[in-house]
Structure formats: C-alpha cells, structure tokens
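Notes for the one structure printed next.
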Amino acid sequence: STSLLAEAERRRSIDSVRLAYARTLPGVRVAGALQDRVARVASGAARAGATVKQHLPDVDWDSMNRLFGELVQCITGLFSPGARLSEEQRSLAWYLTSLAQRDRFAAAWESFFGVYDALVLPPATTAAFTHRPPGTPLEMDGGTAPYEDQGLMLVFCNLLGFPSLTVPAGFD
C-alpha cells in the first residue's frame, strides 16, 4: 500500500537509532581482528549520535544452539533411512515441543529487538579464508579453529528466521 511505502521511505535521524553490539557470542571463539572491528563500528556509531550498548538478550545460548542442531538433525534425518535419530525425535510430539521451545527463544529475542533496532556482531568466527576441503582447521590468532565453528555466529538467526546482513567494515 502507499502508506507502507511512505513509511519505508521515511528517513530516521542517527540519534534515534538504538544499537546493541557484541564482540562475540557466549561459547563462540572469534578472531581478535573481527572483535576489534565490531567495537570500532559500535564506537563510530556512538560518535555519530546513535545510542549504542554492549548487550545481548538473556537466553540460554547452549540450549538454543543445541535445539538448532537437533532440529536440523531431525528434519534432514527423517529423509535418510540410516539416520541416527532417537525414537523420541521421530515423534510429532517431540517436534512440536521443540517448536514451542523455539518460539520461547523467539519471544526473548523479540523483546530484545523491542529495545534495540539492530545487533552488531562479527559475521563469522574468522575473516575470509582460502578455499580448502571442508573440515580443514582455520587459522585464528596464531592458532587454529575448527572449520565447523565458522557459522556459529548466526545459529540464532537460522533457528529463529531472523534476517542478517553482512556489511564490509574494513580489510583483514
């Protein structure tokens, strides 16, 4: 409708923008350069006039990440005869209970985004890396990090159906 377009085209002043930021998420190891870049972006937004606070919602991160893994395992495993799913995971009751748990996480995040307009985070655990076989460890801060950890920063977006956007913020 025309009113929705007019609303979408309305520009906001920077002093009305409320940003939360985090250099990493609980239980996720992120390269120092990416953490520093997030802090610089947050500082720059604050200097420009935005309200900026280092803050994350109060959720059980381990349970949220585990639920994501279990749902992915269940959804993909149901179509694979050799999948290692428990009998419970093969039940509609388990699936509906899991979706209800997901909805509780979504409610906590919706409350968080009632206070903040956006959450500024590193997009991944490391900067871009050279092509390599899946599973090859990634270089991080003089050591290595598991290849599989690369997507941990966005598990909550994938679980809850939230949009995410990666914006260039420098070079590494």
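Residue numbers start at 1 in each chain; chains themselves are named A, B, ... in the order of the structure tokens; ligands are numbered from 1 in the order shown.
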
Using only C-alpha atoms, which residues sit within 7 Å of A:Ala50 once same-chain residues fewer than 3 positions away are excluded, as a ChimeraX atom specification? /A:14-18,45-46

Could you give me, as a PyMOL selection string, each residue of chain A that DSSP assigns to strand (DSSP E or B) when run on this structure's backbone? chain A and resi 18-21+51-54+118-120+138-140+143-145

When distances are computed from only C-alpha atoms, which of A:Pro163, A:Pro146, A:Gly69, A:Gly114 shows the smallest separation from A:Val28?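 The closest residue to A:Val28 is A:Pro146.
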
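Distances from A:Leu154, A:Leu71, A:Val59, A:Ala145 to A:Ala108 were compared using only C-alpha atoms, and the smallest one belongs to A:Val59.
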
Please, what distance in Å, to one decimal, runs between atom CA of A:Thr126 and atom CA of A:Phe105?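 Here the two named atoms are 26.3 Å from each other.
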
Pairwise distance for atom CA of A:Pro133 and atom CA of A:Pro81, rounded to one decimal in Å: 26.8 Å

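With only C-alpha atoms as the atoms that count, the residue of A:Met64, A:Cys157, A:Ala20, A:Val72 with the shortest distance to A:Tyr116 is A:Ala20.
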